[in-house]
Each structure stands twice: as structure tokens, then as C-alpha cells.
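Q: First the structure, which I've put down as C-alpha cells, then a few questions once you've had a look.
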Amino acid sequence: MFNNEKYNSLKQTIPSSVTIIAVSKTKPVEDLQEAYEIGVRDFGENYVQELVDKHEQLPKDIRWHFIGHLQSNKVKYIAPFVNLIHGVDSEKLLLEINKQGKKINRKINCLLQVYIAKEETKFGMDEQELQHVIAILPELEFVNICGLMGMASFTDNEQIITSEFTYLNKLFQTINTKPQTPNNVPQTLSMGMSADYKIAIECGSTMIRIGSMLFGERNKTSQTK
Ligand SMILES: *Cc1c(COP(=O)(O)O)cnc(C)c1O
């Protein structure tokens, strides 16, 4: 079930410049339909097959965000319709997205994922890889780099979360002020989830990815990749 009240109050408490992505992974199509009916158009999914199925079943004006870890061999399934790929965490993946975009003559919007947490389990580039990937962008005609994405450590310690998000915003500002190629227009900083979106917004987030707060807790067993 989609929680309309939570969604409306969330919308009222955050700046209007911040986009809410309703993270609907593992949730049935009916839940997304409910959200759609009250005006939600941005949905986030983590699994390619699930995203493809939901895209087929739901209205075509939905903006689909792929927010999970994307395997290169699966890019082709979402390339024709995905609105934004948040988790571009390697040069290899970016090259594959460019290749698939070229095949169908579509420029694909991407966020570069930066590793900011103190955990082994989170994906992302470090600062050096990020600079390298930005340097090769002029050769990649079929990707648009729209900004950065990151996930903070899973902790109650607000100081740690604040310092990780602050670091990501600093990187974002750095790439923002560099001379830009037409396919490098960083305006989106995707950071913040149900537990830490308030801190993320204080630290400059422009896009928050909210799942459990809007759709309820997920069944943990169906979440494995
Ligand atoms: C699942 C997920 C979210 C949403 O998490 P909640 O804690 O349910 O809000 C956000 N971002 C990513 C990358 C996710 O995998």
C-alpha cells in the first residue's frame, strides 16, 4: 500500500526544488498504481527484470529511475526507456551504456555513483575514478552525465552521515565548476533515503530516494540480488 499522507506531508516539508523518487522495488504493481493516481511520476527500481515488467504494465508517462547495481550485460533491457540510471559505478558500465545508447540512437541520462560510506558492501567510484570518467566524457556521445549519487553508511551516527554527504556535495561542486562538455551538465545530486533524507537535504541533495517510508517495510527475503 502506498501511504498518501506520508507522501503529501513529505512533499510539504522539503524544498520544492528537491525531487522525490518513490522507491517501489519488490512492491506490487497495484501499489505503484495507487501512487501514480495521486500524481507520483518518478519511480525507483533496483532489479532489471522487475523494472522491465513494471514498465510494460504501467502508464508510459512514468519516469523510471534505475537505482540499483547495474550489470553491464543487462543495460540493453532498460536502455530504450529508462529516465535516469543512478548507479553508474565504473568506466566499464558507462562504456556499455554509451554503446547501447548508440545502437538505439538515444542519449541515456546517468548519475555517477561515488563511494562515500565506510562499508565494504556499497558500490561506487572513488575520487580518482570519477575524475578519469569525467575526462573521457567528450568521447561518449550517447550518455548524459546529470550529476552524482551516493549512499551514506548505515548508521545512527548523524555526524558520520553528515560528513559523508558533505564530502559528496563537495565533489559535486568541483565537477560543477569545471568546463563542461554538452554531455556533462551536473545538476542532480541524488542522496538520501527514508532514514537519512533530512540530513541529505541539509547537505545539498536535490533528489531523494524514498522507499519504506512511502510503501512500508519490504520483505527482506525478496530483496536479495
Ligand atoms: C532501497 C533503496 C532506497 C530506498 O530505501 P528506503 O530506506 O526504503 O527509503 C534508496 N536508494 C537505494 C539505492 C536503494 O537500494
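Residue names in the C-alpha cells use chain letters A, B, ... in the order shown, residue numbers from 1 in each chain, and ligand numbers from 1 in the order shown.
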Report as an mmCIF file with N, CA, C and O atoms, in the first residue's frame all protein, DNA and RNA residues lying within 12 Å of range 129-136 of chain A, evaluated on only C-alpha atoms, omitting residues in the same chain fewer than 6 positions from it.
A:
data_model
loop_
_atom_site.group_PDB
_atom_site.id
_atom_site.type_symbol
_atom_site.label_atom_id
_atom_site.label_comp_id
_atom_site.auth_asym_id
_atom_site.auth_seq_id
_atom_site.Cartn_x
_atom_site.Cartn_y
_atom_site.Cartn_z
ATOM 1 N N VAL A 88 25.836 4.468 -11.782
ATOM 2 C CA VAL A 88 26.925 4.169 -12.715
ATOM 3 C C VAL A 88 28.235 4.195 -11.932
ATOM 4 O O VAL A 88 28.717 5.254 -11.542
ATOM 5 N N ASP A 89 28.748 2.989 -11.660
ATOM 6 C CA ASP A 89 29.840 2.888 -10.700
ATOM 7 C C ASP A 89 31.157 2.424 -11.303
ATOM 8 O O ASP A 89 32.090 2.103 -10.579
ATOM 9 N N SER A 90 31.237 2.367 -12.636
ATOM 10 C CA SER A 90 32.515 2.007 -13.252
ATOM 11 C C SER A 90 32.582 2.530 -14.678
ATOM 12 O O SER A 90 31.546 2.791 -15.311
ATOM 13 N N GLU A 91 33.819 2.650 -15.177
ATOM 14 C CA GLU A 91 34.018 3.071 -16.560
ATOM 15 C C GLU A 91 33.421 2.028 -17.510
ATOM 16 O O GLU A 91 32.777 2.371 -18.504
ATOM 17 N N LYS A 92 33.605 0.770 -17.160
ATOM 18 C CA LYS A 92 33.097 -0.327 -17.996
ATOM 19 C C LYS A 92 31.580 -0.193 -18.207
ATOM 20 O O LYS A 92 31.079 -0.323 -19.327
ATOM 21 N N LEU A 93 30.885 0.064 -17.124
ATOM 22 C CA LEU A 93 29.426 0.199 -17.219
ATOM 23 C C LEU A 93 29.054 1.412 -18.062
ATOM 24 O O LEU A 93 28.159 1.354 -18.904
ATOM 25 N N LEU A 94 29.756 2.506 -17.859
ATOM 26 C CA LEU A 94 29.447 3.716 -18.618
ATOM 27 C C LEU A 94 29.666 3.495 -20.119
ATOM 28 O O LEU A 94 28.872 3.936 -20.957
ATOM 29 N N LEU A 95 30.742 2.778 -20.464
ATOM 30 C CA LEU A 95 31.028 2.486 -21.880
ATOM 31 C C LEU A 95 29.915 1.621 -22.481
ATOM 32 O O LEU A 95 29.510 1.819 -23.627
ATOM 33 N N ASN A 98 26.867 3.746 -23.103
ATOM 34 C CA ASN A 98 27.098 4.543 -24.310
ATOM 35 C C ASN A 98 26.886 3.702 -25.580
ATOM 36 O O ASN A 98 26.261 4.145 -26.542
ATOM 37 N N LEU A 111 23.780 9.134 -13.551
ATOM 38 C CA LEU A 111 24.478 9.741 -12.418
ATOM 39 C C LEU A 111 25.675 8.850 -12.103
ATOM 40 O O LEU A 111 25.565 7.627 -12.146
ATOM 41 N N LEU A 112 26.806 9.470 -11.799
ATOM 42 C CA LEU A 112 27.974 8.685 -11.419
ATOM 43 C C LEU A 112 27.891 8.418 -9.922
ATOM 44 O O LEU A 112 27.691 9.340 -9.122
ATOM 45 N N GLN A 113 27.992 7.140 -9.566
ATOM 46 C CA GLN A 113 27.899 6.788 -8.153
ATOM 47 C C GLN A 113 29.273 6.844 -7.501
ATOM 48 O O GLN A 113 30.239 6.251 -7.982
ATOM 49 N N VAL A 114 29.336 7.574 -6.408
ATOM 50 C CA VAL A 114 30.595 7.721 -5.680
ATOM 51 C C VAL A 114 30.488 6.955 -4.371
ATOM 52 O O VAL A 114 29.465 6.993 -3.686
ATOM 53 N N TYR A 115 31.562 6.262 -4.055
ATOM 54 C CA TYR A 115 31.626 5.503 -2.818
ATOM 55 C C TYR A 115 31.958 6.454 -1.675
ATOM 56 O O TYR A 115 33.040 7.033 -1.636
ATOM 57 N N VAL A 143 25.794 9.248 -23.701
ATOM 58 C CA VAL A 143 25.436 9.358 -22.287
ATOM 59 C C VAL A 143 25.393 10.833 -21.912
ATOM 60 O O VAL A 143 26.164 11.641 -22.437
ATOM 61 N N ASN A 144 24.455 11.171 -21.044
ATOM 62 C CA ASN A 144 24.415 12.497 -20.435
ATOM 63 C C ASN A 144 24.714 12.328 -18.963
ATOM 64 O O ASN A 144 23.987 11.634 -18.258
ATOM 65 N N ILE A 145 25.775 12.958 -18.503
ATOM 66 C CA ILE A 145 26.048 12.892 -17.070
ATOM 67 C C ILE A 145 25.293 14.035 -16.392
ATOM 68 O O ILE A 145 25.565 15.214 -16.638
ATOM 69 N N CYS A 146 24.323 13.660 -15.559
ATOM 70 C CA CYS A 146 23.453 14.654 -14.918
ATOM 71 C C CYS A 146 23.864 14.957 -13.484
ATOM 72 O O CYS A 146 23.240 15.806 -12.840
ATOM 73 N N GLY A 147 24.867 14.256 -12.977
ATOM 74 C CA GLY A 147 25.294 14.536 -11.615
ATOM 75 C C GLY A 147 25.823 13.317 -10.904
ATOM 76 O O GLY A 147 26.299 12.372 -11.536
ATOM 77 N N LEU A 148 25.736 13.342 -9.579
ATOM 78 C CA LEU A 148 26.320 12.285 -8.751
ATOM 79 C C LEU A 148 25.269 11.649 -7.851
ATOM 80 O O LEU A 148 24.238 12.242 -7.532
ATOM 81 N N MET A 149 25.585 10.426 -7.436
ATOM 82 C CA MET A 149 24.729 9.706 -6.495
ATOM 83 C C MET A 149 25.616 9.046 -5.450
ATOM 84 O O MET A 149 26.745 8.650 -5.746
ATOM 85 N N LEU A 168 30.361 14.332 -0.537
ATOM 86 C CA LEU A 168 29.793 14.126 -1.871
ATOM 87 C C LEU A 168 29.380 15.457 -2.507
ATOM 88 O O LEU A 168 29.621 15.699 -3.691
ATOM 89 N N LEU A 171 32.434 17.184 -3.867
ATOM 90 C CA LEU A 171 32.826 16.642 -5.179
ATOM 91 C C LEU A 171 31.903 17.157 -6.281
ATOM 92 O O LEU A 171 32.340 17.499 -7.381
ATOM 93 N N PHE A 172 30.628 17.193 -5.959
ATOM 94 C CA PHE A 172 29.617 17.678 -6.911
ATOM 95 C C PHE A 172 29.916 19.118 -7.309
ATOM 96 O O PHE A 172 29.893 19.473 -8.491
ATOM 97 N N THR A 174 32.767 20.558 -7.224
ATOM 98 C CA THR A 174 34.013 20.568 -8.000
ATOM 99 C C THR A 174 33.743 20.261 -9.468
ATOM 100 O O THR A 174 34.208 20.983 -10.353
ATOM 101 N N ILE A 175 32.980 19.190 -9.733
ATOM 102 C CA ILE A 175 32.758 18.844 -11.138
ATOM 103 C C ILE A 175 31.821 19.845 -11.808
ATOM 104 O O ILE A 175 31.838 20.032 -13.003
ATOM 105 N N ASN A 176 31.027 20.494 -10.995
ATOM 106 C CA ASN A 176 30.104 21.507 -11.468
ATOM 107 C C ASN A 176 30.777 22.747 -12.035
ATOM 108 O O ASN A 176 30.269 23.394 -12.942
ATOM 109 N N LYS A 178 33.865 22.828 -13.288
ATOM 110 C CA LYS A 178 34.781 22.508 -14.384
ATOM 111 C C LYS A 178 34.143 22.891 -15.714
ATOM 112 O O LYS A 178 32.926 22.870 -15.851
ATOM 113 N N PRO A 179 34.969 23.193 -16.736
ATOM 114 C CA PRO A 179 34.412 23.423 -18.071
ATOM 115 C C PRO A 179 33.617 22.180 -18.492
ATOM 116 O O PRO A 179 34.079 21.072 -18.302
ATOM 117 N N GLN A 180 32.442 22.374 -19.018
ATOM 118 C CA GLN A 180 31.589 21.226 -19.289
ATOM 119 C C GLN A 180 31.425 20.957 -20.777
ATOM 120 O O GLN A 180 31.296 21.863 -21.569
ATOM 121 N N THR A 181 31.416 19.671 -21.109
ATOM 122 C CA THR A 181 31.068 19.274 -22.465
ATOM 123 C C THR A 181 29.543 19.191 -22.516
ATOM 124 O O THR A 181 28.897 19.146 -21.480
ATOM 125 N N ASN A 183 27.616 16.864 -22.905
ATOM 126 C CA ASN A 183 27.023 15.708 -22.223
ATOM 127 C C ASN A 183 27.423 15.623 -20.751
ATOM 128 O O ASN A 183 27.344 14.591 -20.127
ATOM 129 N N ASN A 184 27.899 16.746 -20.217
ATOM 130 C CA ASN A 184 28.278 16.771 -18.809
ATOM 131 C C ASN A 184 27.681 18.008 -18.161
ATOM 132 O O ASN A 184 28.298 19.068 -18.116
ATOM 133 N N VAL A 185 26.449 17.888 -17.714
ATOM 134 C CA VAL A 185 25.760 19.025 -17.108
ATOM 135 C C VAL A 185 25.254 18.614 -15.721
ATOM 136 O O VAL A 185 24.099 18.250 -15.537
ATOM 137 N N PRO A 186 26.167 18.626 -14.756
ATOM 138 C CA PRO A 186 25.796 18.104 -13.442
ATOM 139 C C PRO A 186 24.876 19.047 -12.672
ATOM 140 O O PRO A 186 25.298 20.103 -12.226
#
Q: List as a PyMOL selection string the protein and nucleic acid residues lying within 9 Å of ligand 1, with only C-alpha atoms and all ligand atoms counted.
A: chain A and resi 21-25+44-46+66-69+86-87+149-151+190-197+208-218+223
Q: Taking 2 positions as the minimum chain separation for residues in the same chain, which residues sit within 12 Å of Ile78 in chain A when counting only C-alpha atoms? Answer as a CSV table (one decimal) with all heavy atoms, in the first residue's frame.
A:
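New file selection08.csv:
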chain,number,residue,atom,x,y,z
A,45,GLU,N,13.6,1.7,-9.1
A,45,GLU,CA,13.7,0.3,-9.0
A,45,GLU,C,15.1,-0.2,-9.0
A,45,GLU,O,16.0,0.4,-9.6
A,45,GLU,CB,12.9,-0.4,-10.2
A,45,GLU,CG,11.4,-0.1,-10.2
A,45,GLU,CD,10.7,-1.1,-9.3
A,45,GLU,OE1,11.2,-2.1,-8.9
A,45,GLU,OE2,9.5,-0.7,-8.9
A,46,ASN,N,15.3,-1.4,-8.4
A,46,ASN,CA,16.7,-1.9,-8.3
A,46,ASN,C,17.0,-3.1,-9.2
A,46,ASN,O,18.2,-3.5,-9.3
A,46,ASN,CB,16.9,-2.4,-6.9
A,46,ASN,CG,17.2,-1.3,-5.9
A,46,ASN,OD1,16.4,-0.3,-5.9
A,46,ASN,ND2,18.2,-1.4,-5.1
A,47,TYR,N,16.0,-3.8,-9.7
A,47,TYR,CA,16.2,-5.0,-10.4
A,47,TYR,C,15.7,-4.9,-11.8
A,47,TYR,O,14.5,-4.5,-12.0
A,47,TYR,CB,15.5,-6.2,-9.6
A,47,TYR,CG,15.8,-6.1,-8.2
A,47,TYR,CD1,14.9,-5.7,-7.2
A,47,TYR,CD2,17.1,-6.5,-7.7
A,47,TYR,CE1,15.2,-5.6,-5.9
A,47,TYR,CE2,17.4,-6.4,-6.4
A,47,TYR,CZ,16.5,-5.9,-5.4
A,47,TYR,OH,16.8,-5.8,-4.1
A,48,VAL,N,16.5,-5.3,-12.8
A,48,VAL,CA,16.2,-5.1,-14.2
A,48,VAL,C,14.9,-5.7,-14.6
A,48,VAL,O,14.1,-5.1,-15.2
A,48,VAL,CB,17.4,-5.5,-15.1
A,48,VAL,CG1,17.1,-5.5,-16.5
A,48,VAL,CG2,18.6,-4.6,-14.8
A,49,GLN,N,14.8,-7.0,-14.3
A,49,GLN,CA,13.6,-7.7,-14.8
A,49,GLN,C,12.3,-7.1,-14.2
A,49,GLN,O,11.3,-6.9,-14.9
A,49,GLN,CB,13.7,-9.2,-14.5
A,49,GLN,CG,12.6,-10.0,-15.1
A,49,GLN,CD,12.6,-9.9,-16.6
A,49,GLN,OE1,13.6,-10.1,-17.3
A,49,GLN,NE2,11.5,-9.6,-17.2
A,50,GLU,N,12.4,-6.8,-12.9
A,50,GLU,CA,11.2,-6.2,-12.3
A,50,GLU,C,10.9,-4.8,-12.9
A,50,GLU,O,9.7,-4.5,-13.1
A,50,GLU,CB,11.6,-6.0,-10.8
A,50,GLU,CG,10.4,-5.6,-10.0
A,50,GLU,CD,10.7,-5.5,-8.5
A,50,GLU,OE1,11.7,-6.1,-8.0
A,50,GLU,OE2,10.0,-4.8,-7.8
A,51,LEU,N,11.9,-4.0,-13.2
A,51,LEU,CA,11.7,-2.7,-13.8
A,51,LEU,C,11.1,-2.9,-15.2
A,51,LEU,O,10.1,-2.2,-15.6
A,51,LEU,CB,13.0,-2.0,-13.9
A,51,LEU,CG,13.1,-0.7,-14.7
A,51,LEU,CD1,12.0,0.3,-14.2
A,51,LEU,CD2,14.4,0.0,-14.7
A,52,VAL,N,11.6,-3.8,-16.0
A,52,VAL,CA,11.0,-4.1,-17.3
A,52,VAL,C,9.6,-4.5,-17.3
A,52,VAL,O,8.7,-4.0,-18.0
A,52,VAL,CB,11.9,-5.2,-18.1
A,52,VAL,CG1,11.2,-5.6,-19.4
A,52,VAL,CG2,13.3,-4.6,-18.4
A,53,ASP,N,9.2,-5.4,-16.4
A,53,ASP,CA,7.9,-5.8,-16.2
A,53,ASP,C,6.9,-4.7,-15.8
A,53,ASP,O,5.8,-4.5,-16.3
A,53,ASP,CB,7.8,-6.9,-15.1
A,53,ASP,CG,8.4,-8.2,-15.5
A,53,ASP,OD1,8.7,-8.4,-16.8
A,53,ASP,OD2,8.7,-9.1,-14.7
A,54,LYS,N,7.4,-3.9,-14.8
A,54,LYS,CA,6.5,-2.8,-14.4
A,54,LYS,C,6.4,-1.7,-15.4
A,54,LYS,O,5.3,-1.2,-15.6
A,54,LYS,CB,7.1,-2.2,-13.1
A,54,LYS,CG,6.9,-3.1,-11.9
A,54,LYS,CD,7.6,-2.6,-10.6
A,54,LYS,CE,7.2,-3.4,-9.4
A,54,LYS,NZ,8.0,-3.0,-8.2
A,55,HIS,N,7.4,-1.5,-16.2
A,55,HIS,CA,7.3,-0.5,-17.3
A,55,HIS,C,6.3,-0.9,-18.3
A,55,HIS,O,5.5,-0.1,-18.8
A,55,HIS,CB,8.7,-0.4,-17.9
A,55,HIS,CG,8.6,0.4,-19.2
A,55,HIS,ND1,8.8,-0.2,-20.5
A,55,HIS,CD2,8.4,1.7,-19.5
A,55,HIS,CE1,8.7,0.7,-21.4
A,55,HIS,NE2,8.5,1.9,-20.9
A,56,GLU,N,6.2,-2.3,-18.6
A,56,GLU,CA,5.2,-2.8,-19.5
A,56,GLU,C,3.8,-2.6,-19.0
A,56,GLU,O,2.9,-2.3,-19.8
A,56,GLU,CB,5.5,-4.2,-19.8
A,56,GLU,CG,6.6,-4.5,-20.9
A,56,GLU,CD,7.0,-5.9,-21.0
A,56,GLU,OE1,6.3,-6.8,-20.5
A,56,GLU,OE2,8.0,-6.1,-21.6
A,64,TRP,N,11.1,6.4,-15.1
A,64,TRP,CA,11.8,5.2,-14.3
A,64,TRP,C,13.2,5.5,-14.0
A,64,TRP,O,14.0,5.9,-14.9
A,64,TRP,CB,11.7,4.0,-15.2
A,64,TRP,CG,10.2,3.5,-15.4
A,64,TRP,CD1,9.5,3.6,-16.5
A,64,TRP,CD2,9.4,2.8,-14.4
A,64,TRP,NE1,8.2,3.1,-16.2
A,64,TRP,CE2,8.2,2.6,-15.0
A,64,TRP,CE3,9.7,2.4,-13.1
A,64,TRP,CZ2,7.1,2.0,-14.3
A,64,TRP,CZ3,8.6,1.8,-12.4
A,64,TRP,CH2,7.4,1.5,-13.0
A,65,HIS,N,13.5,5.3,-12.8
A,65,HIS,CA,14.9,5.5,-12.3
A,65,HIS,C,15.5,4.2,-11.9
A,65,HIS,O,14.9,3.5,-11.1
A,65,HIS,CB,14.9,6.4,-11.0
A,65,HIS,CG,14.4,7.8,-11.3
A,65,HIS,ND1,15.3,8.9,-11.4
A,65,HIS,CD2,13.2,8.3,-11.6
A,65,HIS,CE1,14.5,10.0,-11.7
A,65,HIS,NE2,13.3,9.6,-11.8
A,66,PHE,N,16.6,3.8,-12.5
A,66,PHE,CA,17.3,2.6,-12.1
A,66,PHE,C,18.3,3.0,-11.0
A,66,PHE,O,19.2,3.7,-11.2
A,66,PHE,CB,18.0,1.9,-13.2
A,66,PHE,CG,18.4,0.5,-12.8
A,66,PHE,CD1,17.5,-0.6,-12.8
A,66,PHE,CD2,19.7,0.3,-12.3
A,66,PHE,CE1,17.9,-1.8,-12.3
A,66,PHE,CE2,20.1,-0.9,-11.8
A,66,PHE,CZ,19.2,-2.0,-11.8
A,70,LEU,N,23.9,-2.0,-11.5
A,70,LEU,CA,23.5,-2.5,-12.8
A,70,LEU,C,24.7,-3.3,-13.4
A,70,LEU,O,25.8,-2.8,-13.5
A,70,LEU,CB,23.2,-1.3,-13.7
A,70,LEU,CG,22.8,-1.5,-15.1
A,70,LEU,CD1,21.5,-2.4,-15.2
A,70,LEU,CD2,22.5,-0.2,-15.8
A,71,GLN,N,24.3,-4.5,-13.9
A,71,GLN,CA,25.3,-5.3,-14.6
A,71,GLN,C,25.4,-4.9,-16.0
A,71,GLN,O,24.3,-4.7,-16.7
A,71,GLN,CB,25.0,-6.8,-14.4
A,71,GLN,CG,25.2,-7.3,-13.0
A,71,GLN,CD,24.6,-8.7,-12.8
A,71,GLN,OE1,23.4,-8.9,-13.2
A,71,GLN,NE2,25.4,-9.6,-12.3
A,72,SER,N,26.6,-4.9,-16.6
A,72,SER,CA,26.8,-4.4,-18.0
A,72,SER,C,25.9,-5.2,-19.0
A,72,SER,O,25.3,-4.6,-19.9
A,72,SER,CB,28.2,-4.5,-18.4
A,72,SER,OG,29.0,-3.6,-17.6
A,73,ASN,N,25.8,-6.5,-18.7
A,73,ASN,CA,25.1,-7.3,-19.7
A,73,ASN,C,23.5,-7.1,-19.7
A,73,ASN,O,22.8,-7.6,-20.5
A,73,ASN,CB,25.4,-8.8,-19.6
A,73,ASN,CG,25.0,-9.3,-18.2
A,73,ASN,OD1,24.6,-8.6,-17.3
A,73,ASN,ND2,25.2,-10.6,-18.0
A,74,LYS,N,23.1,-6.3,-18.7
A,74,LYS,CA,21.6,-6.0,-18.6
A,74,LYS,C,21.2,-4.6,-19.1
A,74,LYS,O,20.1,-4.3,-19.1
A,74,LYS,CB,21.2,-6.3,-17.2
A,74,LYS,CG,21.3,-7.7,-16.8
A,74,LYS,CD,20.5,-8.1,-15.6
A,74,LYS,CE,20.6,-9.6,-15.3
A,74,LYS,NZ,20.2,-9.9,-13.9
A,75,VAL,N,22.2,-3.8,-19.4
A,75,VAL,CA,21.9,-2.4,-19.8
A,75,VAL,C,20.9,-2.4,-21.0
A,75,VAL,O,20.0,-1.6,-21.0
A,75,VAL,CB,23.2,-1.7,-20.2
A,75,VAL,CG1,22.9,-0.3,-20.8
A,75,VAL,CG2,24.2,-1.6,-19.0
A,76,LYS,N,21.1,-3.3,-21.9
A,76,LYS,CA,20.3,-3.3,-23.1
A,76,LYS,C,18.8,-3.4,-22.9
A,76,LYS,O,18.0,-2.9,-23.6
A,76,LYS,CB,20.7,-4.4,-24.1
A,76,LYS,CG,20.7,-5.8,-23.5
A,76,LYS,CD,21.1,-6.8,-24.7
A,76,LYS,CE,21.2,-8.2,-24.2
A,76,LYS,NZ,22.4,-8.4,-23.4
A,80,PRO,N,16.2,1.5,-23.7
A,80,PRO,CA,15.2,2.2,-24.5
A,80,PRO,C,14.2,3.1,-23.8
A,80,PRO,O,13.6,4.0,-24.3
A,80,PRO,CB,14.4,1.1,-25.2
A,80,PRO,CG,15.2,-0.2,-25.0
A,80,PRO,CD,16.0,0.0,-23.8
A,81,PHE,N,14.1,2.9,-22.4
A,81,PHE,CA,13.1,3.7,-21.8
A,81,PHE,C,13.5,4.3,-20.4
A,81,PHE,O,12.8,5.2,-19.9
A,81,PHE,CB,11.8,2.8,-21.5
A,81,PHE,CG,12.0,1.7,-20.5
A,81,PHE,CD1,11.8,1.9,-19.2
A,81,PHE,CD2,12.4,0.5,-21.0
A,81,PHE,CE1,12.0,0.9,-18.3
A,81,PHE,CE2,12.6,-0.6,-20.0
A,81,PHE,CZ,12.4,-0.3,-18.7
A,82,VAL,N,14.6,3.9,-19.9
A,82,VAL,CA,15.0,4.4,-18.5
A,82,VAL,C,15.2,5.9,-18.6
A,82,VAL,O,15.7,6.5,-19.5
A,82,VAL,CB,16.2,3.7,-18.0
A,82,VAL,CG1,17.5,4.0,-18.7
A,82,VAL,CG2,16.4,3.9,-16.5
A,83,ASN,N,14.7,6.6,-17.5
A,83,ASN,CA,14.8,8.1,-17.5
A,83,ASN,C,16.2,8.5,-16.9
A,83,ASN,O,16.8,9.5,-17.4
A,83,ASN,CB,13.7,8.6,-16.6
A,83,ASN,CG,13.8,10.1,-16.4
A,83,ASN,OD1,13.7,10.9,-17.4
A,83,ASN,ND2,14.1,10.6,-15.2
A,84,LEU,N,16.6,7.7,-15.9
A,84,LEU,CA,17.9,8.1,-15.3
A,84,LEU,C,18.5,6.9,-14.6
A,84,LEU,O,17.8,6.2,-13.8
A,84,LEU,CB,17.7,9.2,-14.2
A,84,LEU,CG,18.9,9.8,-13.5
A,84,LEU,CD1,19.9,10.4,-14.4
A,84,LEU,CD2,18.4,10.8,-12.4
A,85,ILE,N,19.8,6.6,-14.9
A,85,ILE,CA,20.5,5.5,-14.2
A,85,ILE,C,21.3,6.1,-13.1
A,85,ILE,O,22.3,6.8,-13.4
A,85,ILE,CB,21.3,4.7,-15.2
A,85,ILE,CG1,20.5,4.1,-16.3
A,85,ILE,CG2,22.1,3.6,-14.5
A,85,ILE,CD1,21.3,3.3,-17.4
A,97,ILE,N,26.8,1.5,-21.5
A,97,ILE,CA,25.6,2.4,-21.6
A,97,ILE,C,25.7,3.2,-22.9
A,97,ILE,O,24.7,3.3,-23.7
A,97,ILE,CB,25.4,3.3,-20.3
A,97,ILE,CG1,25.1,2.4,-19.1
A,97,ILE,CG2,24.2,4.2,-20.6
A,97,ILE,CD1,25.1,3.2,-17.8
A,100,GLN,N,25.0,0.9,-25.9
A,100,GLN,CA,23.6,0.6,-26.1
A,100,GLN,C,22.8,1.8,-26.5
A,100,GLN,O,21.9,1.7,-27.3
A,100,GLN,CB,23.0,0.0,-24.8
A,100,GLN,CG,23.6,-1.3,-24.4
A,100,GLN,CD,23.4,-2.4,-25.4
A,100,GLN,OE1,22.5,-2.4,-26.2
A,100,GLN,NE2,24.3,-3.3,-25.5
A,101,GLY,N,23.2,3.0,-26.0
A,101,GLY,CA,22.6,4.2,-26.4
A,101,GLY,C,22.8,4.5,-27.9
A,101,GLY,O,21.9,4.9,-28.7
A,104,ILE,N,20.6,2.4,-30.3
A,104,ILE,CA,19.2,2.9,-30.5
A,104,ILE,C,19.0,4.4,-30.7
A,104,ILE,O,17.9,4.9,-30.6
A,104,ILE,CB,18.3,2.4,-29.3
A,104,ILE,CG1,18.9,2.9,-28.0
A,104,ILE,CG2,18.2,0.9,-29.3
A,104,ILE,CD1,18.0,2.6,-26.8
A,106,ARG,N,19.8,6.9,-28.7
A,106,ARG,CA,19.2,7.6,-27.6
A,106,ARG,C,20.3,7.9,-26.6
A,106,ARG,O,21.1,7.1,-26.2
A,106,ARG,CB,18.2,6.6,-26.9
A,106,ARG,CG,17.5,7.2,-25.7
A,106,ARG,CD,16.4,6.3,-25.2
A,106,ARG,NE,15.6,7.0,-24.2
A,106,ARG,CZ,15.5,6.8,-22.9
A,106,ARG,NH1,16.2,5.7,-22.4
A,106,ARG,NH2,14.8,7.5,-22.1
A,108,ILE,N,21.4,8.5,-23.0
A,108,ILE,CA,20.9,8.0,-21.7
A,108,ILE,C,21.5,8.8,-20.6
A,108,ILE,O,22.7,9.0,-20.4
A,108,ILE,CB,21.3,6.5,-21.6
A,108,ILE,CG1,20.6,5.8,-22.8
A,108,ILE,CG2,20.8,5.9,-20.3
A,108,ILE,CD1,21.0,4.3,-23.0
A,109,ASN,N,20.5,9.2,-19.7
A,109,ASN,CA,20.9,10.1,-18.6
A,109,ASN,C,21.5,9.2,-17.5
A,109,ASN,O,20.9,8.2,-17.1
A,109,ASN,CB,19.7,10.8,-18.0
A,109,ASN,CG,19.1,11.8,-19.0
A,109,ASN,OD1,19.8,12.4,-19.8
A,109,ASN,ND2,17.8,11.9,-19.0
Q: I want to know what sits within 10 Å of Thr13 in chain A, based on only C-alpha atoms, with residues of the same chain fewer than 4 positions away left out; could you give that as number ranges by chain?
A: A: 8-9, 198
Q: Run DSSP on the backbone of this structure and report the residues of range 159-206 of chain A it assigns to alpha helix (DSSP H), as a list in words.
A: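 Across range 159-206 of chain A, those assigned alpha helix (DSSP H) are Gln159, Ile160, Ile161, Thr162, Ser163, Glu164, Phe165, Thr166, Tyr167, Leu168, Asn169, Lys170, Leu171, Phe172, Gln173, Thr174, Ile175, Asn176, Thr177, Tyr197, Lys198, Ile199, Ala200, Ile201 and Glu202 of chain A.
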